[in-house]
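Student: Data: run_4.csv, CSV, C-alpha atoms.
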```csv
chain,number,residue,atom,x,y,z
A,1,MET,CA,104.5,140.7,-16.5
A,2,SER,CA,107.2,142.7,-14.9
A,3,ASN,CA,105.2,144.6,-12.3
A,4,LEU,CA,101.7,145.2,-11.4
A,5,THR,CA,99.3,147.1,-9.2
A,6,ARG,CA,96.6,144.8,-8.0
A,7,LEU,CA,93.1,145.9,-7.2
A,8,ASN,CA,92.1,146.9,-3.7
A,9,SER,CA,88.9,145.8,-1.8
A,10,THR,CA,86.9,148.8,-2.9
A,11,GLN,CA,87.6,148.2,-6.6
A,12,MET,CA,86.8,144.5,-6.1
A,13,ALA,CA,83.5,145.3,-4.4
A,14,GLN,CA,82.6,147.8,-7.2
A,15,PHE,CA,83.3,145.0,-9.7
A,16,ALA,CA,81.1,142.6,-7.7
A,17,ALA,CA,78.3,145.1,-7.6
A,18,ARG,CA,78.4,146.7,-11.0
A,19,GLY,CA,80.3,144.1,-13.1
A,20,PHE,CA,82.9,146.4,-14.5
A,21,LEU,CA,86.0,148.5,-13.8
A,22,ARG,CA,87.2,151.4,-15.9
A,23,PHE,CA,90.7,152.8,-16.2
A,24,ASP,CA,90.7,156.0,-18.2
A,25,ALA,CA,93.8,156.6,-20.4
A,26,ALA,CA,95.6,153.8,-18.7
A,27,VAL,CA,97.7,153.0,-21.8
A,28,PRO,CA,100.3,155.7,-22.7
A,29,GLU,CA,99.8,157.5,-26.0
A,30,ALA,CA,102.9,156.0,-27.5
A,31,LEU,CA,101.5,152.5,-27.0
A,32,ASN,CA,98.2,153.5,-28.4
A,33,GLN,CA,100.0,154.6,-31.5
A,34,GLN,CA,102.0,151.5,-31.6
A,35,PHE,CA,98.8,149.4,-31.4
A,36,LEU,CA,97.1,151.4,-34.2
A,37,ASP,CA,100.3,150.8,-36.3
A,38,ASP,CA,100.4,147.1,-35.4
A,39,ILE,CA,96.8,146.4,-36.4
A,40,GLY,CA,97.5,147.3,-40.0
A,41,ASP,CA,95.6,149.3,-42.5
A,42,ALA,CA,93.8,151.8,-40.3
A,43,SER,CA,93.2,154.3,-43.0
A,44,ASP,CA,90.0,156.3,-42.9
A,45,GLN,CA,89.3,156.1,-46.6
A,46,PRO,CA,85.8,154.9,-47.3
A,47,ASP,CA,85.7,151.2,-48.5
A,48,SER,CA,83.4,148.3,-48.1
A,49,ILE,CA,83.0,147.0,-44.6
A,50,MET,CA,84.2,143.5,-45.5
A,51,GLY,CA,87.0,144.9,-47.7
A,52,HIS,CA,88.3,146.9,-44.8
A,53,TYR,CA,88.2,143.9,-42.5
A,54,GLY,CA,90.1,141.9,-45.2
A,55,ASN,CA,92.8,144.6,-45.5
A,56,ILE,CA,93.2,144.7,-41.7
A,57,MET,CA,93.5,140.9,-41.4
A,58,ARG,CA,96.1,140.8,-44.3
A,59,SER,CA,98.3,143.6,-43.0
A,60,SER,CA,97.9,143.2,-39.2
A,61,VAL,CA,100.5,141.8,-36.9
A,62,VAL,CA,97.9,140.9,-34.4
A,63,PRO,CA,98.5,137.1,-34.1
A,64,LEU,CA,96.0,134.3,-34.4
A,65,VAL,CA,95.7,132.9,-30.9
A,66,ASP,CA,94.4,129.4,-30.2
A,67,PRO,CA,91.9,129.2,-27.4
A,68,GLY,CA,93.5,128.2,-24.2
A,69,THR,CA,96.8,129.9,-24.9
A,70,PRO,CA,98.3,131.3,-21.7
A,71,LEU,CA,98.0,135.1,-21.8
A,72,SER,CA,101.8,135.3,-21.0
A,73,GLN,CA,102.5,133.5,-24.4
A,74,ALA,CA,99.8,135.0,-26.5
A,75,TYR,CA,101.5,138.1,-27.9
A,76,PRO,CA,105.1,138.5,-29.1
A,77,GLN,CA,107.5,140.3,-26.7
A,78,GLY,CA,107.8,143.9,-27.7
A,79,SER,CA,104.5,144.0,-29.6
A,80,ALA,CA,102.0,146.7,-28.7
A,81,LEU,CA,99.6,144.2,-27.1
A,82,ALA,CA,102.3,142.6,-24.9
A,83,ASN,CA,103.4,146.1,-23.8
A,84,ILE,CA,99.8,147.1,-23.1
A,85,LEU,CA,99.2,144.0,-21.0
A,86,ASP,CA,102.4,144.9,-19.1
A,87,VAL,CA,101.1,148.3,-17.9
A,88,PRO,CA,101.0,147.9,-14.1
A,89,GLU,CA,97.4,148.9,-13.7
A,90,ILE,CA,96.2,146.5,-16.4
A,91,ALA,CA,98.4,143.6,-15.4
A,92,GLY,CA,97.3,144.1,-11.8
A,93,ALA,CA,93.6,144.1,-12.7
A,94,ILE,CA,94.0,141.0,-14.7
A,95,GLU,CA,95.8,139.1,-12.0
A,96,SER,CA,93.2,140.3,-9.4
A,97,LEU,CA,90.3,139.1,-11.5
A,98,VAL,CA,91.4,135.9,-13.2
A,99,GLY,CA,94.8,135.1,-11.6
A,100,SER,CA,98.3,134.9,-12.9
A,101,GLY,CA,97.8,131.9,-15.1
A,102,SER,CA,94.8,133.1,-17.2
A,103,VAL,CA,94.3,131.9,-20.7
A,104,VAL,CA,93.0,133.6,-23.8
A,105,ASP,CA,89.5,132.5,-24.9
A,106,HIS,CA,89.6,134.7,-28.0
A,107,HIS,CA,90.3,138.2,-29.1
A,108,PHE,CA,88.8,140.4,-31.8
A,109,LEU,CA,89.3,143.8,-33.2
A,110,HIS,CA,85.9,145.4,-33.3
A,111,ILE,CA,85.5,148.1,-36.0
A,112,THR,CA,82.5,150.3,-36.0
A,113,PHE,CA,82.0,151.9,-39.4
A,114,PRO,CA,80.8,155.5,-40.1
A,115,PRO,CA,77.8,156.0,-42.4
A,116,SER,CA,80.0,156.7,-45.4
A,117,TYR,CA,80.8,153.0,-45.6
A,118,THR,CA,77.2,152.0,-46.3
A,119,PRO,CA,76.3,152.0,-50.0
A,120,ALA,CA,73.3,154.3,-50.8
A,121,ASP,CA,71.2,151.3,-51.9
A,122,LYS,CA,71.7,149.4,-48.6
A,123,PRO,CA,69.7,149.9,-45.4
A,124,ALA,CA,71.3,152.4,-43.0
A,125,LEU,CA,73.4,150.8,-40.2
A,126,LYS,CA,71.9,150.4,-36.7
A,127,SER,CA,73.4,150.0,-33.3
A,128,GLN,CA,74.2,146.5,-32.2
A,129,PRO,CA,71.3,145.1,-30.1
A,130,THR,CA,71.9,144.5,-26.5
A,131,HIS,CA,73.3,141.0,-25.7
A,132,GLN,CA,75.3,138.9,-23.3
A,133,ASP,CA,78.4,137.3,-24.9
A,134,SER,CA,78.8,133.6,-25.4
A,135,THR,CA,75.9,131.5,-24.1
A,136,ILE,CA,74.0,130.7,-21.0
A,137,ASP,CA,76.6,130.6,-18.3
A,138,PRO,CA,75.6,129.9,-14.7
A,139,ARG,CA,79.1,129.4,-13.3
A,140,GLN,CA,80.4,131.0,-10.1
A,141,ALA,CA,83.8,131.2,-11.7
A,142,PHE,CA,83.9,134.0,-14.1
A,143,ASP,CA,85.8,135.2,-17.2
A,144,VAL,CA,86.6,138.8,-17.9
A,145,GLN,CA,86.5,140.7,-21.1
A,146,MET,CA,89.1,143.4,-21.5
A,147,PHE,CA,87.9,146.3,-23.7
A,148,TYR,CA,90.7,148.5,-25.0
A,149,PHE,CA,89.9,151.8,-26.7
A,150,PRO,CA,93.1,152.8,-28.5
A,151,HIS,CA,91.9,156.3,-29.5
A,152,GLU,CA,89.5,158.9,-28.1
A,153,VAL,CA,85.9,157.8,-28.3
A,154,THR,CA,83.3,160.6,-28.6
A,155,LEU,CA,79.6,160.2,-28.1
A,156,GLU,CA,79.0,160.4,-31.9
A,157,MET,CA,81.4,157.4,-32.4
A,158,GLY,CA,79.0,155.0,-30.6
A,159,GLY,CA,81.3,153.6,-28.0
A,160,THR,CA,80.2,150.3,-26.3
A,161,ARG,CA,76.9,150.6,-24.6
A,162,PHE,CA,76.4,148.6,-21.4
A,163,ILE,CA,74.1,148.3,-18.4
A,164,PRO,CA,75.9,148.2,-15.1
A,165,GLY,CA,74.8,145.6,-12.7
A,166,THR,CA,73.4,143.1,-15.2
A,167,HIS,CA,76.2,140.7,-15.0
A,168,PHE,CA,74.5,138.1,-12.7
A,169,ARG,CA,71.5,137.8,-14.9
A,170,ILE,CA,71.5,134.4,-16.5
A,171,VAL,CA,70.1,134.9,-20.0
A,172,SER,CA,70.7,133.4,-23.5
A,173,GLU,CA,72.9,135.8,-25.6
A,174,ALA,CA,70.6,137.7,-28.0
A,175,ALA,CA,67.4,136.8,-26.2
A,176,ILE,CA,67.6,140.2,-24.7
A,177,ALA,CA,67.8,142.0,-28.0
A,178,ARG,CA,64.2,143.2,-27.6
A,179,TYR,CA,65.3,145.6,-24.9
A,180,GLN,CA,66.3,148.8,-26.7
A,181,ASN,CA,66.8,151.1,-23.7
A,182,ILE,CA,67.3,150.4,-20.0
A,183,ALA,CA,67.5,153.0,-17.3
A,184,GLY,CA,71.1,153.6,-16.3
A,185,GLN,CA,72.6,152.4,-19.5
A,186,GLN,CA,76.1,153.9,-20.2
A,187,HIS,CA,77.6,154.8,-23.6
A,188,THR,CA,81.4,154.6,-23.5
A,189,VAL,CA,82.9,158.1,-24.1
A,190,CYS,CA,86.6,158.0,-23.1
A,191,PRO,CA,90.1,159.3,-23.8
A,192,ALA,CA,92.6,157.3,-25.8
A,193,GLY,CA,94.1,154.3,-24.0
A,194,THR,CA,91.0,153.6,-21.8
A,195,VAL,CA,90.6,150.0,-20.7
A,196,MET,CA,87.5,148.5,-19.2
A,197,PHE,CA,87.1,145.0,-17.6
A,198,PHE,CA,83.7,143.5,-17.9
A,199,HIS,CA,82.4,140.4,-16.0
A,200,MET,CA,81.4,138.0,-18.8
A,201,GLY,CA,77.7,138.4,-18.0
A,202,MET,CA,77.5,142.1,-18.6
A,203,TRP,CA,74.7,143.1,-21.0
A,204,HIS,CA,76.2,145.3,-23.7
A,205,GLY,CA,76.2,146.3,-27.4
A,206,GLY,CA,78.1,148.4,-29.9
A,207,GLY,CA,76.7,151.9,-30.6
A,208,LEU,CA,76.0,153.4,-33.9
A,209,ASN,CA,78.9,155.4,-35.3
A,210,ARG,CA,77.6,158.7,-36.5
A,211,SER,CA,81.0,160.3,-36.8
A,212,GLU,CA,83.2,160.6,-39.9
A,213,GLN,CA,85.9,158.2,-38.5
A,214,LEU,CA,86.3,154.5,-37.9
A,215,ARG,CA,86.0,153.4,-34.3
A,216,TYR,CA,88.3,150.6,-33.0
A,217,MET,CA,88.0,148.6,-29.9
A,218,PHE,CA,90.1,145.5,-29.1
A,219,LYS,CA,88.6,142.9,-26.9
A,220,ILE,CA,90.3,140.0,-25.2
A,221,ARG,CA,88.3,137.4,-23.2
A,222,LEU,CA,90.3,135.8,-20.4
A,223,CYS,CA,89.6,132.7,-18.5
A,224,PRO,CA,91.0,131.7,-15.1
A,225,THR,CA,92.9,128.5,-14.6
A,226,GLN,CA,92.5,128.5,-10.8
A,227,ARG,CA,89.8,129.1,-8.1
A,228,GLN,CA,89.4,132.9,-8.0
A,229,LEU,CA,90.1,133.3,-4.3
A,230,ARG,CA,91.5,136.4,-2.7
A,231,LEU,CA,93.5,137.3,-5.8
A,232,TRP,CA,93.3,141.1,-5.2
A,233,ASP,CA,95.5,143.1,-2.7
A,234,ILE,CA,93.6,142.4,0.5
A,235,GLU,CA,96.2,144.3,2.5
A,236,ALA,CA,95.7,147.5,0.6
A,237,GLU,CA,93.5,150.3,2.0
A,238,GLY,CA,90.0,149.7,0.8
A,239,ALA,CA,86.4,148.8,1.7
A,240,LYS,CA,85.9,147.1,5.1
A,241,ASP,CA,83.3,144.7,6.4
A,242,LYS,CA,81.1,146.6,8.8
A,243,LYS,CA,77.6,145.4,10.0
A,244,ARG,CA,74.7,147.7,10.1
A,245,PRO,CA,70.9,147.4,10.5
A,246,ILE,CA,68.9,147.3,7.3
A,247,PHE,CA,66.1,149.5,8.6
A,248,TRP,CA,65.9,152.0,11.5
A,249,THR,CA,69.5,152.7,10.8
A,250,ASP,CA,72.0,155.5,11.1
A,251,PRO,CA,71.0,158.1,8.6
A,252,MET,CA,74.6,159.0,8.2
A,253,GLN,CA,75.7,155.8,6.5
A,254,ASP,CA,79.3,155.2,5.6
A,255,PRO,CA,79.2,154.8,1.8
A,256,THR,CA,82.7,153.2,1.7
A,257,THR,CA,81.9,149.9,3.5
A,258,LEU,CA,81.5,146.6,1.6
A,259,ALA,CA,77.8,146.5,2.6
A,260,ALA,CA,77.2,150.0,1.3
A,261,ILE,CA,78.9,149.2,-2.1
A,262,LEU,CA,77.2,145.8,-2.5
A,263,THR,CA,73.7,147.2,-1.8
A,264,GLN,CA,73.9,150.2,-4.1
A,265,PRO,CA,70.9,149.8,-6.4
A,266,GLU,CA,71.0,150.4,-10.2
A,267,PRO,CA,68.3,152.6,-11.8
A,268,TRP,CA,66.9,149.6,-13.7
A,269,PHE,CA,66.4,147.5,-10.6
A,270,GLU,CA,62.9,146.0,-10.2
A,271,ALA,CA,61.3,146.4,-6.8
A,272,ASP,CA,61.6,142.7,-5.9
A,273,THR,CA,64.5,141.3,-8.0
A,274,GLY,CA,66.7,144.2,-7.0
A,275,ARG,CA,66.9,142.5,-3.7
A,276,LEU,CA,67.9,139.2,-5.4
A,277,GLU,CA,70.8,141.2,-7.0
A,278,PHE,CA,72.0,142.1,-3.5
A,279,ILE,CA,71.9,138.4,-2.7
A,280,ASN,CA,73.8,137.5,-5.8
A,281,ARG,CA,76.5,140.1,-5.0
A,282,VAL,CA,76.9,138.8,-1.4
A,283,ARG,CA,77.2,135.2,-2.7
A,284,PHE,CA,79.8,136.4,-5.3
A,285,TRP,CA,81.8,138.1,-2.5
A,286,ARG,CA,81.7,135.0,-0.4
A,287,TYR,CA,83.0,133.1,-3.4
A,288,ILE,CA,86.0,135.4,-4.1
A,289,SER,CA,86.8,136.1,-0.5
A,290,GLY,CA,86.3,132.6,0.9
A,291,ASP,CA,84.3,134.1,3.8
A,292,ASP,CA,81.2,131.9,3.9
A,293,ASN,CA,79.7,134.1,6.7
A,294,PHE,CA,80.0,137.4,4.9
A,295,ASP,CA,76.8,139.2,4.5
A,296,ALA,CA,75.4,142.7,3.8
A,297,ASP,CA,72.4,143.8,5.7
A,298,TYR,CA,71.5,140.1,6.6
A,299,TRP,CA,70.1,139.4,3.1
A,300,VAL,CA,71.7,135.9,2.8
A,301,THR,CA,71.9,135.0,6.5
A,302,ARG,CA,68.1,135.6,6.8
A,303,ILE,CA,67.2,133.0,4.2
A,304,GLU,CA,69.8,130.5,5.4
A,305,ASN,CA,68.3,130.3,8.9
A,306,GLU,CA,66.9,126.8,8.5
A,307,TYR,CA,66.6,123.9,11.0
A,308,THR,CA,66.1,120.3,10.1
B,1,MET,CA,32.8,145.1,-43.1
B,2,THR,CA,36.6,145.7,-43.2
B,3,SER,CA,38.5,145.0,-40.0
B,4,PRO,CA,41.3,147.4,-38.9
B,5,VAL,CA,44.0,144.9,-39.8
B,6,GLN,CA,42.6,144.5,-43.3
B,7,ASN,CA,42.7,148.2,-43.9
B,8,LYS,CA,45.9,148.9,-45.8
B,9,THR,CA,46.0,152.4,-44.5
B,10,LEU,CA,46.5,151.4,-40.9
B,11,ARG,CA,49.7,150.3,-39.3
B,12,GLN,CA,50.6,149.1,-35.8
B,13,GLN,CA,53.0,151.0,-33.6
B,14,VAL,CA,54.3,148.9,-30.7
B,15,LEU,CA,55.6,150.3,-27.4
B,16,ILE,CA,57.1,147.9,-24.9
B,17,LEU,CA,57.5,149.1,-21.3
B,18,TYR,CA,59.4,147.3,-18.5
B,19,LEU,CA,58.2,148.4,-15.1
B,20,GLN,CA,59.5,148.2,-11.6
B,21,SER,CA,56.7,145.8,-10.6
B,22,SER,CA,53.5,144.1,-11.8
B,23,ASN,CA,51.7,147.3,-10.9
B,24,LEU,CA,50.9,149.2,-14.1
B,25,ASP,CA,51.3,152.3,-12.1
B,26,SER,CA,54.9,151.6,-11.3
B,27,GLY,CA,57.9,153.3,-12.8
B,28,VAL,CA,59.4,152.6,-16.3
B,29,ILE,CA,62.9,151.0,-16.2
B,30,GLY,CA,63.2,149.9,-19.8
B,31,TRP,CA,61.5,150.8,-23.1
B,32,SER,CA,61.4,149.8,-26.8
B,33,HIS,CA,59.5,151.2,-29.8
B,34,TYR,CA,58.7,149.4,-33.1
B,35,ASP,CA,57.0,151.5,-35.7
B,36,GLY,CA,55.0,149.7,-38.4
B,37,THR,CA,54.6,152.9,-40.4
B,38,GLY,CA,58.4,152.9,-41.1
B,39,ARG,CA,58.5,156.6,-40.4
B,40,THR,CA,60.6,156.3,-37.2
B,41,ILE,CA,63.6,154.1,-36.9
B,42,ASN,CA,64.3,152.8,-33.4
B,43,MET,CA,67.3,150.9,-32.2
B,44,ALA,CA,69.2,149.9,-29.1
B,45,GLY,CA,70.5,152.8,-27.0
B,46,ASP,CA,68.6,155.5,-28.9
B,47,SER,CA,67.2,157.4,-25.9
B,48,GLU,CA,68.1,158.1,-22.3
B,49,GLU,CA,64.7,159.1,-20.9
B,50,PRO,CA,61.7,156.8,-20.8
B,51,PRO,CA,58.8,158.1,-23.0
B,52,TYR,CA,56.4,157.7,-20.1
B,53,LYS,CA,56.8,157.7,-16.3
B,54,THR,CA,54.6,154.6,-15.7
B,55,GLY,CA,52.5,152.1,-17.6
B,56,LEU,CA,49.4,154.0,-16.6
B,57,HIS,CA,50.8,157.2,-18.0
B,58,ALA,CA,51.1,155.5,-21.4
B,59,LEU,CA,47.4,154.4,-21.2
B,60,GLU,CA,46.5,158.0,-20.5
B,61,GLN,CA,48.3,159.1,-23.6
B,62,GLY,CA,46.3,156.7,-25.8
B,63,TRP,CA,48.3,153.5,-25.9
B,64,ARG,CA,46.3,150.3,-25.8
B,65,LEU,CA,47.7,147.5,-23.6
B,66,PHE,CA,47.5,144.1,-25.4
B,67,GLN,CA,49.9,141.9,-23.4
B,68,ALA,CA,51.4,141.7,-19.9
B,69,SER,CA,53.9,139.2,-18.6
B,70,GLN,CA,52.6,136.4,-16.3
B,71,LEU,CA,53.5,136.0,-12.7
B,72,ASN,CA,55.0,132.6,-12.5
B,73,PRO,CA,55.9,130.6,-9.4
B,74,HIS,CA,59.6,130.3,-8.8
B,75,ALA,CA,61.1,126.9,-9.7
B,76,PRO,CA,62.4,125.1,-6.6
B,77,GLY,CA,66.1,125.5,-6.2
B,78,ASP,CA,66.1,128.4,-8.6
B,79,GLU,CA,64.3,131.0,-6.5
B,80,PHE,CA,67.2,133.5,-6.4
B,81,ARG,CA,68.4,133.4,-10.0
B,82,THR,CA,67.7,136.6,-11.9
B,83,SER,CA,67.3,136.5,-15.6
B,84,TYR,CA,65.1,138.5,-18.1
B,85,LEU,CA,63.3,141.6,-17.1
B,86,LYS,CA,60.2,140.5,-15.3
B,87,TYR,CA,57.4,143.1,-15.8
B,88,GLU,CA,56.9,143.5,-19.5
B,89,PHE,CA,53.9,145.3,-21.0
B,90,PHE,CA,53.1,145.5,-24.7
B,91,PHE,CA,51.1,148.5,-25.9
B,92,GLU,CA,49.9,149.5,-29.4
B,93,LYS,CA,48.5,152.3,-31.4
B,94,LEU,CA,46.9,151.8,-34.8
B,95,VAL,CA,47.9,154.7,-36.9
B,96,ALA,CA,46.5,155.7,-40.3
B,97,LEU,CA,49.5,156.2,-42.6
B,98,GLU,CA,48.5,159.7,-43.6
B,99,ASP,CA,48.3,160.6,-39.8
B,100,ALA,CA,51.5,158.9,-38.7
B,101,PRO,CA,53.8,161.5,-37.2
B,102,ASP,CA,57.3,161.6,-38.4
B,103,HIS,CA,58.6,161.5,-34.9
B,104,GLU,CA,57.2,160.2,-31.6
```
What would the structure in this file look like if it were written as structure tokens?

Tutor:
Amino acid sequence: MSNLTRLNSTQMAQFAARGFLRFDAAVPEALNQQFLDDIGDASDQPDSIMGHYGNIMRSSVVPLVDPGTPLSQAYPQGSALANILDVPEIAGAIESLVGSGSVVDHHFLHITFPPSYTPADKPALKSQPTHQDSTIDPRQAFDVQMFYFPHEVTLEMGGTRFIPGTHFRIVSEAAIARYQNIAGQQHTVCPAGTVMFFHMGMWHGGGLNRSEQLRYMFKIRLCPTQRQLRLWDIEAEGAKDKKRPIFWTDPMQDPTTLAAILTQPEPWFEADTGRLEFINRVRFWRYISGDDNFDADYWVTRIENEYT
Amino acid sequence: MTSPVQNKTLRQQVLILYLQSSNLDSGVIGWSHYDGTGRTINMAGDSEEPPYKTGLHALEQGWRLFQASQLNPHAPGDEFRTSYLKYEFFFEKLVALEDAPDHE
């Protein structure tokens, strides 16, 4: 990676609190077109779903990447993916989240098919149920998943649905499929070249494509090979640590402090476990900052006040 | 005597509401529908607004509560771990096929 723009403290705090970062149109249009050319047969002619995947796999120059391959070696120099990963904003986000020596867990080209691909005698397609990727994963270390949208995604195209702030919930993959709708859920609608980074625990699912076009999304799961400690740009202008009383407090709160960002609730928070989410966020911040005394509104310090 | 479940003209519609607390009168934060009549198709991400403001509101609209999640003590050492949505309430309506609305 030739140059990069690392995240600032505000962006890291937003990632800690909500579990994602979004960069609209971060990839230049020429690179989006190069990617769509590289992935192979991207024609919009109706075909069977498996047939289309077969055509793509046969004609694509997207390499097969063994798990554990260093990201820096995963994609041929000059390829669309290598160039995309070299965009300063994207390279900087990756280094800030998983470090300079991250490795590829896997990648996949997700294709969401329009109704015309379903034969008349087959059941109509549905959206993908909400799930958490991989399996039960209670680590403090975290992987990130890069979601790259190479073309504009309209609401009708069923862009990735996700529920901000769910990333610290320890669940077992599709066990949450019963939950159809959760307050605050977002449906990705974005310009071409948008990249999002999800904490591995984010609850999400693919939407139903009601448009006439195929929808593409390329996902790379990246794993750190080092302790994720102060990897972002801590010198850059950003959120600061500033203590404040939890109740009987200044009504004109500064919304830009770490405490304010880390205690911003989500619409789906339960009355009691929403407070546990604040605790999880503070503990995550302690982990990535190395500051074992950090707190927001005394949530963690209060329950650590023990004497033996 | 024929019980409702043996009556082939009746079907179950299930509504699952996730509330802010164990109080049935607290706000809805998640919702799912499953329609045994087959006349409405529901799926993940299909609506942005909850069908009812609270669990009590659903009762007032004729839904029958048939299951509520338990309040379990927290396992030692695991008190602060968050996981599945905690306050889950299952409701039903038994609907005669000829009366089933096409849309909720």

Student: What are the residues of chain A that have an atom within 10 Å of an atom of chain B, counting all atoms listed in the file, as a PyMOL selection string?

Tutor: chain A and resi 124+126-130+138+158+161-162+166-172+175-187+204-208+267-277+279-280

Student: Nearest to Val62 (chain A) among A:Gln34, A:Thr225, A:Gln145, A:Thr263, with distances taken over all atoms listed in the file: which residue is it?

Tutor: A:Gln34

Student: How far is it from CA of Phe278 (chain A) to CA of Gly238 (chain A), in Å with one decimal?

Tutor: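 Result for CA of Phe278 (chain A) versus CA of Gly238 (chain A): 20.0 Å, one decimal.
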
Student: Could you give me, as JSON, numbers by chain, the residues that sit within 9 Å of (52.1, 155.1, -23.8) in the file's coordinates, counting only C-alpha atoms?

Tutor: {"B": [15, 16, 17, 51, 52, 54, 55, 56, 57, 58, 59, 60, 61, 62, 63, 64, 65, 91, 92, 93]}

Student: May I ask which of the residues A:Phe218, A:Phe198, A:Phe35, A:Tyr117 is the closest one to Val144 (chain A), counting all atoms listed in the file?

Tutor: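 The shortest atom-to-atom distance to Val144 (chain A) comes from A:Phe198.
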
Student: As a list of chain:residue names, please: the residues near Ala74 (chain A) (cut-off 7 Å, all atoms listed in the file, same-chain neighbours under 4 positions excluded).

Tutor: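 Listing them by chain and then by number gives A:Val65, A:Thr69, A:Pro70.
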
Student: In the coordinates of the file, take the point (55.5, 151.3, -40.1) and a cut-off of 7 Å; then, counting only C-alpha atoms, name each qualifying protein, DNA or RNA residue as a list in words.

Tutor: Arg11, Gln12, Gln13, Asp35, Gly36, Thr37, Gly38 and Arg39 of chain B

Student: Hey, can you check how far CA of Val87 (chain A) sits from CA of Pro28 (chain A)?

Tutor: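 CA of Val87 (chain A) sits 8.9 Å away from CA of Pro28 (chain A).
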
Student: Rounded to one decimal, what separation in Å do you get between CA of Arg227 (chain A) and CA of Thr160 (chain A)?

Tutor: 29.5 Å
